[in-house]
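Chemist: Provided herewith: structure.txt, compact mmCIF, C-alpha atoms and all ligand atoms.
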# COMPACT_ATOMS: atom_id res chain seq x y z
CA MET G 156 65.49 29.58 120.02
CA SER G 157 68.56 30.71 118.07
CA LEU G 158 70.20 34.00 119.00
CA PRO G 159 70.25 36.78 116.39
CA ILE G 160 73.58 37.08 114.57
CA MET G 161 75.97 39.66 116.00
CA SER G 162 76.57 42.60 113.64
CA LEU G 163 80.16 43.81 113.50
CA ILE G 164 80.67 47.57 113.45
CA ASP G 165 84.01 49.06 112.50
CA GLY G 166 84.44 52.07 114.79
CA SER G 167 87.26 53.47 112.66
CA VAL G 168 85.11 54.20 109.60
CA LEU G 169 84.96 57.82 108.33
CA GLU G 170 84.82 60.11 111.44
CA GLY G 171 85.90 57.18 113.60
CA GLY G 172 84.83 58.92 116.84
CA GLY G 173 82.34 58.51 119.67
CA GLN G 174 79.27 59.20 117.55
CA ILE G 175 79.48 55.73 115.94
CA LEU G 176 79.14 54.15 119.39
CA ARG G 177 76.15 56.25 120.37
CA ASN G 178 74.17 55.67 117.19
CA ALA G 179 75.14 52.00 117.09
CA VAL G 180 73.94 51.12 120.59
CA SER G 181 70.75 53.18 120.22
CA LEU G 182 69.85 51.31 117.03
CA SER G 183 70.98 47.99 118.46
CA GLY G 184 68.69 48.47 121.46
CA LEU G 185 65.69 49.48 119.38
CA LEU G 186 66.09 46.77 116.78
CA SER G 187 67.18 44.03 119.22
CA LYS G 188 70.32 43.48 117.17
CA PRO G 189 73.40 42.37 119.10
CA ILE G 190 76.47 44.29 118.00
CA SER G 191 80.20 44.12 118.43
CA ILE G 192 82.01 47.44 117.89
CA GLN G 193 85.70 47.25 117.15
CA LYS G 194 88.47 49.82 116.67
CA ILE G 195 86.51 52.23 118.87
CA ARG G 196 87.47 55.90 118.34
CA ASN G 197 90.34 54.76 116.20
CA ASN G 198 90.70 58.21 114.65
CA ARG G 199 91.11 59.93 118.03
CA SER G 200 94.16 60.28 120.18
CA PRO G 201 94.18 58.37 122.41
CA PRO G 202 91.70 55.90 120.88
CA GLY G 203 89.30 53.78 122.93
CA LEU G 204 86.58 54.64 125.40
CA ARG G 205 86.69 57.64 127.69
CA ASN G 206 84.44 58.39 130.66
CA GLN G 207 81.72 60.04 128.59
CA HIS G 208 81.52 57.17 126.09
CA ARG G 209 81.63 54.45 128.74
CA THR G 210 78.92 56.21 130.77
CA GLY G 211 76.78 56.56 127.64
CA LEU G 212 77.14 52.85 126.88
CA GLU G 213 76.20 51.93 130.44
CA LEU G 214 73.16 54.19 130.28
CA ALA G 215 72.06 52.67 126.97
CA ALA G 216 72.59 49.18 128.41
CA LYS G 217 70.31 50.00 131.34
CA ILE G 218 67.55 51.36 129.12
CA ALA G 219 67.81 48.52 126.61
CA SER G 220 68.29 45.81 129.29
CA ALA G 221 71.46 44.92 127.41
CA GLN G 222 74.42 42.76 128.30
CA LEU G 223 77.44 45.04 127.85
CA THR G 224 80.97 43.66 127.83
CA GLY G 225 84.33 45.32 127.32
CA ALA G 226 83.21 48.79 128.40
CA GLN G 227 86.24 49.91 130.37
CA ASN G 228 88.06 53.20 129.85
CA GLY G 229 90.62 52.77 127.08
CA SER G 230 88.85 49.74 125.63
CA SER G 231 88.63 49.62 121.85
CA GLU G 232 86.12 46.80 121.57
CA ILE G 233 82.72 46.21 123.15
CA GLU G 234 79.76 43.88 122.77
CA PHE G 235 76.21 45.05 123.31
CA ILE G 236 73.51 42.38 123.43
CA PRO G 237 70.16 44.10 123.92
CA GLY G 238 67.17 42.68 125.76
CA HIS G 239 63.89 44.64 125.78
CA ILE G 240 63.54 48.41 126.16
CA ALA G 241 62.69 48.99 129.79
CA LEU G 242 59.47 50.62 130.94
CA PRO G 243 59.83 54.36 131.43
CA ASN G 244 61.91 54.88 134.52
CA HIS G 245 64.26 57.29 136.25
CA TYR G 246 67.90 57.06 135.14
CA THR G 247 71.01 58.81 136.38
CA ALA G 248 74.26 58.96 134.44
CA ASP G 249 77.43 60.71 135.51
CA SER G 250 80.27 61.34 133.11
CA ILE G 251 82.37 62.05 136.23
CA THR G 252 84.52 64.74 134.65
CA ALA G 253 83.37 67.53 132.37
CA GLY G 254 82.44 64.92 129.77
CA SER G 255 79.52 66.16 127.73
CA ILE G 256 76.03 65.69 129.16
CA THR G 257 74.48 66.36 125.76
CA LEU G 258 76.30 63.41 124.26
CA LEU G 259 74.83 61.21 127.00
CA LEU G 260 71.47 62.57 125.98
CA GLN G 261 72.20 61.71 122.32
CA VAL G 262 72.52 58.01 123.12
CA ALA G 263 69.53 57.84 125.46
CA LEU G 264 66.88 59.82 123.59
CA PRO G 265 66.12 57.47 120.67
CA LEU G 266 65.73 54.58 123.13
CA LEU G 267 63.55 56.48 125.59
CA LEU G 268 61.22 57.66 122.85
CA PHE G 269 60.23 54.05 122.31
CA SER G 270 59.94 52.86 125.91
CA PRO G 271 56.80 50.82 126.27
CA LYS G 272 53.81 52.40 128.00
CA PRO G 273 51.91 52.51 130.39
CA VAL G 274 54.26 54.49 132.65
CA PRO G 275 53.90 58.05 131.41
CA ALA G 276 57.48 59.35 131.18
CA SER G 277 61.14 58.61 131.73
CA THR G 278 63.27 61.08 133.59
CA LEU G 279 66.97 61.35 133.21
CA THR G 280 69.40 63.10 135.53
CA LEU G 281 72.64 63.72 133.66
CA LEU G 282 75.77 64.90 135.43
CA GLY G 283 78.96 66.26 133.88
CA GLY G 284 79.85 69.07 131.49
CA THR G 285 77.09 71.22 130.04
CA ASN G 286 79.07 73.61 127.85
CA ALA G 287 82.09 71.96 126.33
CA THR G 288 83.82 72.32 122.99
CA MET G 289 83.47 69.62 120.31
CA ALA G 290 79.95 68.78 121.53
CA PRO G 291 76.61 70.56 121.57
CA GLN G 292 76.39 73.11 124.37
CA VAL G 293 73.32 72.25 126.42
CA ASP G 294 71.65 75.48 125.23
CA TYR G 295 72.07 74.26 121.63
CA THR G 296 70.41 70.97 122.53
CA LYS G 297 67.59 72.77 124.33
CA HIS G 298 66.93 75.52 121.80
CA VAL G 299 67.97 74.05 118.45
CA PHE G 300 68.05 70.25 118.51
CA LEU G 301 65.01 69.47 120.67
CA PRO G 302 62.65 71.99 119.03
CA PHE G 303 63.67 70.56 115.65
CA ILE G 304 62.99 66.97 116.78
CA GLN G 305 59.69 67.99 118.29
CA ARG G 306 58.49 70.02 115.34
CA HIS G 307 59.56 67.79 112.48
CA PHE G 308 59.51 64.24 113.87
CA GLY G 309 56.52 64.75 116.17
CA ALA G 310 58.34 63.71 119.35
CA THR G 311 56.60 66.47 121.19
CA ASN G 312 56.82 65.65 124.86
CA ILE G 313 60.44 66.17 125.78
CA SER G 314 61.61 68.72 128.32
CA LEU G 315 65.08 69.70 129.45
CA ASP G 316 66.02 71.71 132.54
CA ILE G 317 69.50 73.00 133.25
CA ASN G 318 69.80 72.78 137.04
CA LYS G 319 73.54 73.48 137.21
CA ARG G 320 76.14 74.32 134.62
CA GLY G 321 79.33 72.32 134.49
CA TYR G 322 82.35 73.87 132.80
CA TYR G 323 85.65 72.31 131.75
CA PRO G 324 87.63 70.96 133.57
CA LYS G 325 85.65 70.52 136.79
CA GLY G 326 82.25 69.57 135.41
CA GLY G 327 79.58 69.32 138.08
CA GLY G 328 76.70 70.22 135.77
CA GLU G 329 73.24 68.75 136.20
CA VAL G 330 70.56 68.50 133.55
CA VAL G 331 67.19 66.84 134.02
CA MET G 332 65.28 65.61 131.06
CA SER G 333 61.82 64.13 130.81
CA VAL G 334 60.76 62.05 127.81
CA VAL G 335 57.22 60.89 127.17
CA PRO G 336 57.49 57.92 124.82
CA LEU G 337 55.60 57.84 121.57
CA SER G 338 52.38 56.25 122.66
CA GLY G 339 51.83 52.65 121.78
CA PRO G 340 52.89 50.20 119.13
CA THR G 341 51.41 52.18 116.25
CA GLU G 342 53.07 55.50 117.07
CA LYS G 343 55.97 56.38 114.81
CA LEU G 344 58.27 59.28 114.25
CA ARG G 345 56.94 61.41 111.40
CA SER G 346 58.89 62.03 108.22
CA PHE G 347 59.24 65.60 106.99
CA SER G 348 60.25 67.70 104.02
CA LEU G 349 62.31 70.82 104.56
CA MET G 350 63.55 71.97 101.18
CA GLU G 351 63.06 75.74 101.14
CA ARG G 352 65.31 77.81 103.36
CA GLY G 353 62.78 80.32 104.73
CA ARG G 354 63.63 83.82 105.86
CA VAL G 355 64.93 84.43 109.35
CA LYS G 356 62.03 84.89 111.77
CA TRP G 357 64.15 85.88 114.75
CA ILE G 358 67.53 85.36 116.34
CA SER G 359 67.85 84.45 120.01
CA GLY G 360 70.76 83.70 122.22
CA ILE G 361 72.16 83.21 125.66
CA ALA G 362 75.58 84.23 126.96
CA HIS G 363 76.19 82.32 130.18
CA TYR G 364 79.02 82.67 132.66
CA ALA G 365 79.96 81.65 136.18
CA GLY G 366 82.72 82.72 138.53
CA LEU G 367 83.64 85.59 136.19
CA PRO G 368 82.84 89.31 136.20
CA THR G 369 79.66 90.72 134.65
CA VAL G 370 81.63 92.26 131.78
CA VAL G 371 82.18 88.75 130.44
CA GLY G 372 78.49 88.20 129.78
CA LYS G 373 78.05 91.74 128.50
CA GLY G 374 81.08 91.44 126.23
CA MET G 375 79.88 88.24 124.60
CA VAL G 376 76.47 89.78 123.89
CA GLU G 377 78.01 92.96 122.47
CA GLY G 378 80.42 91.04 120.26
CA ALA G 379 77.63 88.87 118.87
CA GLU G 380 75.26 91.80 118.29
CA ARG G 381 77.94 93.85 116.59
CA ARG G 382 78.82 91.06 114.20
CA LEU G 383 75.16 90.35 113.42
CA ALA G 384 74.60 94.07 112.74
CA GLU G 385 77.58 94.06 110.35
CA ALA G 386 75.88 91.17 108.56
CA GLY G 387 72.72 93.21 108.19
CA PHE G 388 70.75 91.74 111.07
CA SER G 389 69.60 94.76 112.96
CA LYS G 390 68.52 94.45 116.56
CA THR G 391 66.00 97.21 116.72
CA SER G 392 63.23 96.04 114.42
CA MET G 393 60.65 93.41 115.05
CA VAL G 394 60.21 90.42 112.75
CA SER G 395 60.24 91.47 109.13
CA ASN G 396 57.23 90.64 106.99
CA LYS G 397 59.06 91.12 103.73
CA SER G 398 58.59 88.25 101.31
CA SER G 399 61.69 86.65 99.86
CA SER G 400 60.94 88.18 96.46
CA THR G 401 61.62 91.60 97.91
CA ALA G 402 64.70 90.57 99.87
CA ASP G 403 67.51 93.06 100.19
CA THR G 404 71.03 92.10 99.36
CA ASN G 405 73.45 93.16 102.06
CA THR G 406 77.16 92.93 102.35
CA VAL G 407 78.59 90.80 105.09
CA SER G 408 82.01 91.45 106.46
CA SER G 409 83.10 88.39 108.35
CA GLU G 410 86.67 87.49 109.34
CA GLY G 411 87.96 89.88 106.72
CA THR G 412 86.05 88.32 103.84
CA GLU G 413 83.35 90.07 101.89
CA SER G 414 80.40 88.13 100.63
CA THR G 415 76.72 88.65 100.16
CA ILE G 416 73.82 87.30 102.08
CA ALA G 417 70.62 87.47 100.14
CA ASP G 418 68.24 87.88 102.99
CA ALA G 419 69.95 89.83 105.70
CA GLU G 420 67.17 91.89 107.14
CA ASN G 421 65.74 93.57 110.16
CA VAL G 422 64.81 90.80 112.53
CA TYR G 423 64.02 90.71 116.19
CA ILE G 424 67.22 89.81 118.02
CA SER G 425 67.19 88.87 121.66
CA ILE G 426 70.47 87.77 123.24
CA HIS G 427 70.63 87.91 126.98
CA SER G 428 73.42 87.24 129.43
CA LYS G 429 72.97 84.94 132.39
CA ARG G 430 75.23 84.82 135.38
CA GLU G 431 75.14 81.42 137.06
CA PRO G 432 75.14 81.55 140.87
CA ASN G 433 78.47 80.50 142.39
CA SER G 434 76.59 78.12 144.67
CA LEU G 435 75.46 76.16 141.61
CA THR G 436 78.73 75.91 139.71
CA ARG G 437 81.97 74.19 140.58
CA GLY G 438 84.34 76.25 138.50
CA ALA G 439 84.51 79.33 136.34
CA GLY G 440 83.48 79.27 132.70
CA SER G 441 81.49 80.95 129.97
CA GLY G 442 80.00 80.49 126.55
CA ILE G 443 77.41 81.74 124.13
CA VAL G 444 74.83 80.01 121.96
CA LEU G 445 72.81 81.77 119.24
CA TRP G 446 70.00 80.36 117.17
CA ALA G 447 67.93 81.56 114.25
CA GLU G 448 64.49 80.24 113.57
CA LEU G 449 63.56 80.22 109.90
CA GLU G 450 60.19 80.43 108.24
CA GLY G 451 59.13 76.89 107.37
CA GLY G 452 60.79 75.39 110.45
CA GLY G 453 64.52 75.40 109.68
CA MET G 454 66.91 76.04 112.55
CA ILE G 455 70.46 77.34 112.43
CA GLY G 456 72.72 77.62 115.48
CA GLY G 457 76.09 79.16 116.22
CA SER G 458 78.10 78.92 119.41
CA ALA G 459 81.43 79.43 121.10
CA VAL G 460 82.93 78.53 124.46
CA GLY G 461 84.86 81.12 126.45
CA THR G 462 88.59 80.46 126.54
CA LYS G 463 91.20 81.94 128.85
CA GLY G 464 92.97 84.81 127.12
CA VAL G 465 90.26 85.31 124.49
CA PRO G 466 88.28 88.56 125.02
CA PRO G 467 84.55 87.92 125.58
CA GLU G 468 83.67 90.18 122.63
CA LYS G 469 85.70 87.86 120.40
CA VAL G 470 83.84 84.82 121.78
CA GLY G 471 80.55 86.53 120.92
CA GLU G 472 81.85 87.30 117.43
CA GLN G 473 82.89 83.68 116.92
CA ALA G 474 79.38 82.45 117.75
CA ALA G 475 77.84 85.07 115.44
CA ASP G 476 80.25 84.15 112.63
CA GLU G 477 79.20 80.51 112.93
CA LEU G 478 75.53 81.49 112.84
CA ILE G 479 76.04 83.81 109.86
CA LYS G 480 77.94 81.12 108.00
CA GLY G 481 75.11 78.68 108.65
CA LEU G 482 72.60 81.20 107.31
CA MET G 483 74.73 81.99 104.27
CA ASP G 484 75.04 78.30 103.44
CA GLY G 485 71.38 78.56 102.58
CA GLY G 486 70.14 75.29 104.07
CA CYS G 487 67.43 74.52 106.59
CA VAL G 488 69.79 72.98 109.17
CA ASP G 489 73.28 73.83 110.35
CA GLU G 490 76.25 71.50 110.10
CA TRP G 491 75.60 70.02 113.57
CA LEU G 492 71.90 69.31 113.22
CA GLN G 493 72.78 67.60 109.95
CA ASP G 494 74.37 64.62 111.69
CA GLN G 495 72.21 64.67 114.81
CA ILE G 496 68.94 64.11 112.90
CA ILE G 497 70.16 61.18 110.77
CA ILE G 498 69.16 58.46 113.26
CA PHE G 499 65.66 59.94 113.52
CA MET G 500 65.33 60.12 109.73
CA ALA G 501 66.23 56.42 109.59
CA LEU G 502 63.59 55.51 112.18
CA ALA G 503 60.83 57.79 110.86
CA ASP G 504 57.87 56.66 108.81
CA GLY G 505 58.22 57.51 105.14
CA THR G 506 60.54 59.78 103.19
CA SER G 507 62.26 62.64 104.97
CA GLU G 508 64.19 65.23 103.04
CA VAL G 509 66.23 68.17 104.17
CA ASN G 510 68.13 70.84 102.30
CA CYS G 511 71.56 71.31 103.89
CA GLY G 512 72.56 74.27 101.73
CA LYS G 513 75.61 74.82 99.58
CA VAL G 514 77.90 72.68 101.68
CA GLU G 515 79.36 69.23 101.50
CA LEU G 516 77.95 66.94 104.14
CA SER G 517 80.07 66.85 107.26
CA LEU G 518 82.11 63.76 108.01
CA HIS G 519 79.94 63.22 111.10
CA THR G 520 76.85 63.20 108.85
CA ARG G 521 78.34 60.79 106.35
CA THR G 522 79.33 58.55 109.26
CA ALA G 523 75.83 58.64 110.76
CA ILE G 524 74.35 57.72 107.36
CA TRP G 525 76.81 54.87 106.90
CA LEU G 526 76.02 53.51 110.36
CA ALA G 527 72.24 53.79 109.94
CA GLU G 528 72.52 51.84 106.69
CA GLN G 529 74.60 49.16 108.41
CA LEU G 530 72.00 48.51 111.07
CA THR G 531 68.63 49.39 109.52
CA GLU G 532 66.83 48.96 106.21
CA ALA G 533 66.64 52.75 105.85
CA LYS G 534 67.77 54.02 102.43
CA PHE G 535 69.59 57.33 102.18
CA GLU G 536 70.48 59.33 99.13
CA VAL G 537 72.46 62.53 98.98
CA VAL G 538 71.65 64.63 95.95
CA GLN G 539 72.94 67.91 94.59
CA SER G 540 70.12 70.11 93.42
CA ALA G 541 70.68 73.64 92.14
CA GLY G 542 73.96 73.86 94.03
CA GLN G 543 72.37 72.66 97.27
CA THR G 544 72.98 69.37 99.06
CA VAL G 545 69.85 67.46 99.95
CA ILE G 546 69.64 64.40 102.20
CA ARG G 547 66.71 62.15 101.45
CA CYS G 548 65.87 59.09 103.52
CA GLN G 549 63.29 56.37 103.23
CA GLY G 550 62.82 55.60 106.92
CA ILE G 551 61.80 52.27 108.38
CA GLY G 552 58.74 53.49 110.30
CA TYR G 553 59.98 51.96 113.53
CA THR G 554 57.37 51.18 116.19
CA ALA G 555 57.96 50.16 119.78
CA PRO G 556 57.44 46.48 120.49
CA ALA G 557 54.27 45.79 122.44
CA SER G 558 54.86 45.92 126.20
CA SER G 559 55.48 42.51 127.73
CA SER G 560 54.31 43.64 131.17
N1 LIG G 601 79.59 73.39 118.15
C1 LIG G 601 78.72 72.39 118.12
N2 LIG G 601 77.41 72.65 118.18
C2 LIG G 601 76.50 71.64 118.15
N3 LIG G 601 76.83 70.33 118.08
C3 LIG G 601 78.14 70.02 118.03
C4 LIG G 601 79.15 71.03 118.04
N4 LIG G 601 80.36 70.43 117.98
C5 LIG G 601 80.12 69.10 117.92
N5 LIG G 601 78.78 68.84 117.95
C6 LIG G 601 78.13 67.53 117.89
O1 LIG G 601 78.75 66.67 118.83
C7 LIG G 601 78.85 65.36 118.32
C8 LIG G 601 80.33 64.98 118.40
O2 LIG G 601 80.53 63.67 117.98
P1 LIG G 601 82.01 63.02 118.11
O3 LIG G 601 81.93 61.62 117.64
O4 LIG G 601 83.02 63.89 117.46
O5 LIG G 601 82.20 63.22 119.62
P2 LIG G 601 82.67 62.43 120.87
O6 LIG G 601 81.75 61.40 121.36
O7 LIG G 601 83.10 63.44 121.86
O8 LIG G 601 83.81 61.62 120.37
P3 LIG G 601 85.26 61.90 120.14
O9 LIG G 601 85.88 62.29 121.47
O10 LIG G 601 85.54 60.60 119.69
O11 LIG G 601 85.32 63.00 119.12
C9 LIG G 601 78.27 65.39 116.92
O12 LIG G 601 76.94 64.92 116.96
C10 LIG G 601 78.31 66.88 116.52
O13 LIG G 601 77.24 67.26 115.68
Could you show the structure in this file as structure tokens?
Modeler:
Amino acid sequence: MSLPIMSLIDGSVLEGGGQILRNAVSLSGLLSKPISIQKIRNNRSPPGLRNQHRTGLELAAKIASAQLTGAQNGSSEIEFIPGHIALPNHYTADSITAGSITLLLQVALPLLLFSPKPVPASTLTLLGGTNATMAPQVDYTKHVFLPFIQRHFGATNISLDINKRGYYPKGGGEVVMSVVPLSGPTEKLRSFSLMERGRVKWISGIAHYAGLPTVVGKGMVEGAERRLAEAGFSKTSMVSNKSSSTADTNTVSSEGTESTIADAENVYISIHSKREPNSLTRGAGSGIVLWAELEGGGMIGGSAVGTKGVPPEKVGEQAADELIKGLMDGGCVDEWLQDQIIIFMALADGTSEVNCGKVELSLHTRTAIWLAEQLTEAKFEVVQSAGQTVIRCQGIGYTAPASSS
């Protein structure tokens, strides 16, 4: 039997970061396509693999029974030759430092969703950083990304528990995830259409902190609430029933700029602060994640990580500014969901379409699209419609291979 041809992936294309690796090995494992990735993280300094990326590759190799070569820290070239997706199992992956747990989850989830039955679920214990910059905070993954995947792609049985938070630089976080695979060879991810940016149903949030005084949590909440109030999102009212045709136009004052947001309104806002017990955290740290759920199923997030010397109120304001910007862009997803859903759109059955608002696609998103088109038959198009950017994808309707056991 001849071996499938190895696909070469240039890791320096577009964003040229770790995301290319994660999407590439997930798709390689699912499609049984051996890949060689070169110029890994060529656009980062220093380039090559770091702990988090190496750990993610090793985790993917375990799940996909793959032969992995070249995966040492600093390496800029690897080969990944997948076998079969393993039966649901328990996996542990440790990024050792404060490397992002949620990026480990990004590489594992597409594979685990298609583990063969009959074992009911995989569980994953992920160790490392839970709330880092330049990656989804675990609260974003739990409250924005996973609900979106569950609601729109039909991957309903995924749960995530934050057992311990791990802050930069010590890490030490622990997250446990359980994934029930889509059941059987006929089960596919659903396609979806999300073209109308519905009104804001409610805004939620969590301001977490450890090893720091209570005023830190309180300050982040106050900063976020103040900024949201300035943008016209009042805390006191319950969910508004106003239809969009009767929407108010409010003025938003954000970072000194004045602009209008067509649907600022009275919505139910619930942002709470959570002090993590010292016994469960290795070092001090803080952060805040906000999310808005939109009518029709859109989700917009905004977040910030506490930084030494930056007042907590300011951190709260930063998260609120990001959320408000996402809402003002007028799309159904924020700039982070944009790239994180691309692999699922490629695998889903039928045509998915999502309105990303009046923004250009992020470089991460364009990279994810490029990569998906390298490794799958999925067809993407990005269209401008009435000033909005829409991603449309004809997915491949991937199904899990029948179990060999
Ligand atoms: N503030 C944020 N909120 C939610 N998601 C985020 C945020 N910042 C970054 N992300 C997500 O984290 C991922 C980062 O990918 P990227 O390739 O830059 O990271 P990486 O693996 O750490 O690699 P590198 O170190 O090469 O940048 C993307 O999927 C992006 O959407």
Chemist: Ligand LIG 601 (chain G): which residues are within 6 Å, counting all atoms listed in the file? Reply as a CSV table (one decimal) with C-alpha atoms, in the frame of the given file.
Modeler:
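Saved to out_17.csv:
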chain,number,residue,atom,x,y,z
G,172,GLY,CA,84.8,58.9,116.8
G,173,GLY,CA,82.3,58.5,119.7
G,174,GLN,CA,79.3,59.2,117.6
G,196,ARG,CA,87.5,55.9,118.3
G,199,ARG,CA,91.1,59.9,118.0
G,289,MET,CA,83.5,69.6,120.3
G,290,ALA,CA,80.0,68.8,121.5
G,291,PRO,CA,76.6,70.6,121.6
G,458,SER,CA,78.1,78.9,119.4
G,491,TRP,CA,75.6,70.0,113.6
G,494,ASP,CA,74.4,64.6,111.7
G,495,GLN,CA,72.2,64.7,114.8
Chemist: Mind pulling up the distance from atom CA of G:Ile240 to atom CA of G:Phe269?
Modeler: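 Atom-to-atom, atom CA of G:Phe269 and atom CA of G:Ile240 are spaced 7.6 Å apart.
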Chemist: Restrict the calculation to only C-alpha atoms, then for each residue of stretch 248-349 of chain G with any atom at most 9 Å from an atom of stretch 460-471 of chain G give the closest atom pair and their distance in Å to one decimal, rows by chain and rising residue number, as CSV.
Modeler:
residue,atom,partner,partner_atom,distance
G:Asn286,CA,G:Val460,CA,7.1
G:Ala287,CA,G:Val460,CA,6.9
G:Thr288,CA,G:Val460,CA,6.4
G:Gln292,CA,G:Val460,CA,8.5
Chemist: What separation in Å, quoted to one decimal, exists between atom CA of G:Gly211 and atom CA of G:Glu329?
Modeler: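 Separating atom CA of G:Gly211 from atom CA of G:Glu329 is a distance of 15.3 Å.
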Chemist: Excluding G:Ile195 and residues on its chain fewer than 4 positions from it, collect all residues at most 6 Å away from it, counting all atoms listed in the file, and give them as a list in words.
Modeler: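 So, after excluding close chain neighbours, the residues are Gly166, Gly203 and Ser231 of chain G.
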Chemist: Do you have the atom CA of G:Pro201-atom CA of G:Gly254 distance handy?
Modeler: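 Distance between the two atoms: 15.3 Å.
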Chemist: Determine the nearest neighbour of G:His307 from the options G:Ala365, G:Ser187, G:Phe499, G:Met161, counting all atoms listed in the file.
Modeler: G:Phe499
Chemist: Within 10 Å of (67.4, 85.7, 132.1), all atoms listed in the file: residues as number ranges by chain?
Modeler: G: 361-363, 426-430
Chemist: Write the selection just made, keeping C-alpha atoms, as an mmCIF file, in the coordinates of the input?
Modeler:
data_model
loop_
_atom_site.group_PDB
_atom_site.id
_atom_site.type_symbol
_atom_site.label_atom_id
_atom_site.label_comp_id
_atom_site.auth_asym_id
_atom_site.auth_seq_id
_atom_site.Cartn_x
_atom_site.Cartn_y
_atom_site.Cartn_z
ATOM 1 C CA ILE G 361 72.160 83.210 125.660
ATOM 2 C CA ALA G 362 75.580 84.230 126.960
ATOM 3 C CA HIS G 363 76.190 82.320 130.180
ATOM 4 C CA ILE G 426 70.470 87.770 123.240
ATOM 5 C CA HIS G 427 70.630 87.910 126.980
ATOM 6 C CA SER G 428 73.420 87.240 129.430
ATOM 7 C CA LYS G 429 72.970 84.940 132.390
ATOM 8 C CA ARG G 430 75.230 84.820 135.380
#
Chemist: From the options G:Leu260, G:Ala501, G:Met350, G:Leu435, which residue's atoms come nearest to G:Gln529, counting all atoms listed in the file?
Modeler: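 Distance minimum relative to G:Gln529 lands on G:Ala501.
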Chemist: Would you mind telling me which residue in G:Leu242, G:Ile175, G:Ile498, G:Leu204 lies nearest to G:Leu264 when using all atoms listed in the file?
Modeler: G:Ile498
Chemist: I'd like to know which of G:Ile358, G:Ser348, G:Tyr246, G:Ile218 is closest to G:Leu267, using all atoms listed in the file.
Modeler: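 Smallest distance to G:Leu267 is found for G:Ile218.
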Chemist: Quick one: residues within 7 Å of (75.1, 49.2, 121.9) (file frame), counting all atoms listed in the file, please, as a list of chain:residue names.
Modeler: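 Residues lying no farther than 7 Å from the given point: G:Leu176, G:Ala179, G:Val180, G:Ser181, G:Ser183, G:Gly184, G:Ile190, G:Leu212, G:Ala215, G:Ala216, G:Phe235.
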Chemist: Go through G:Thr210, G:Ser191, G:Ser434, G:Ser359 and flag the residue nearest G:Leu383, using only C-alpha atoms for the distances.
Modeler: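 Among the listed residues, G:Ser359 lies closest to G:Leu383.
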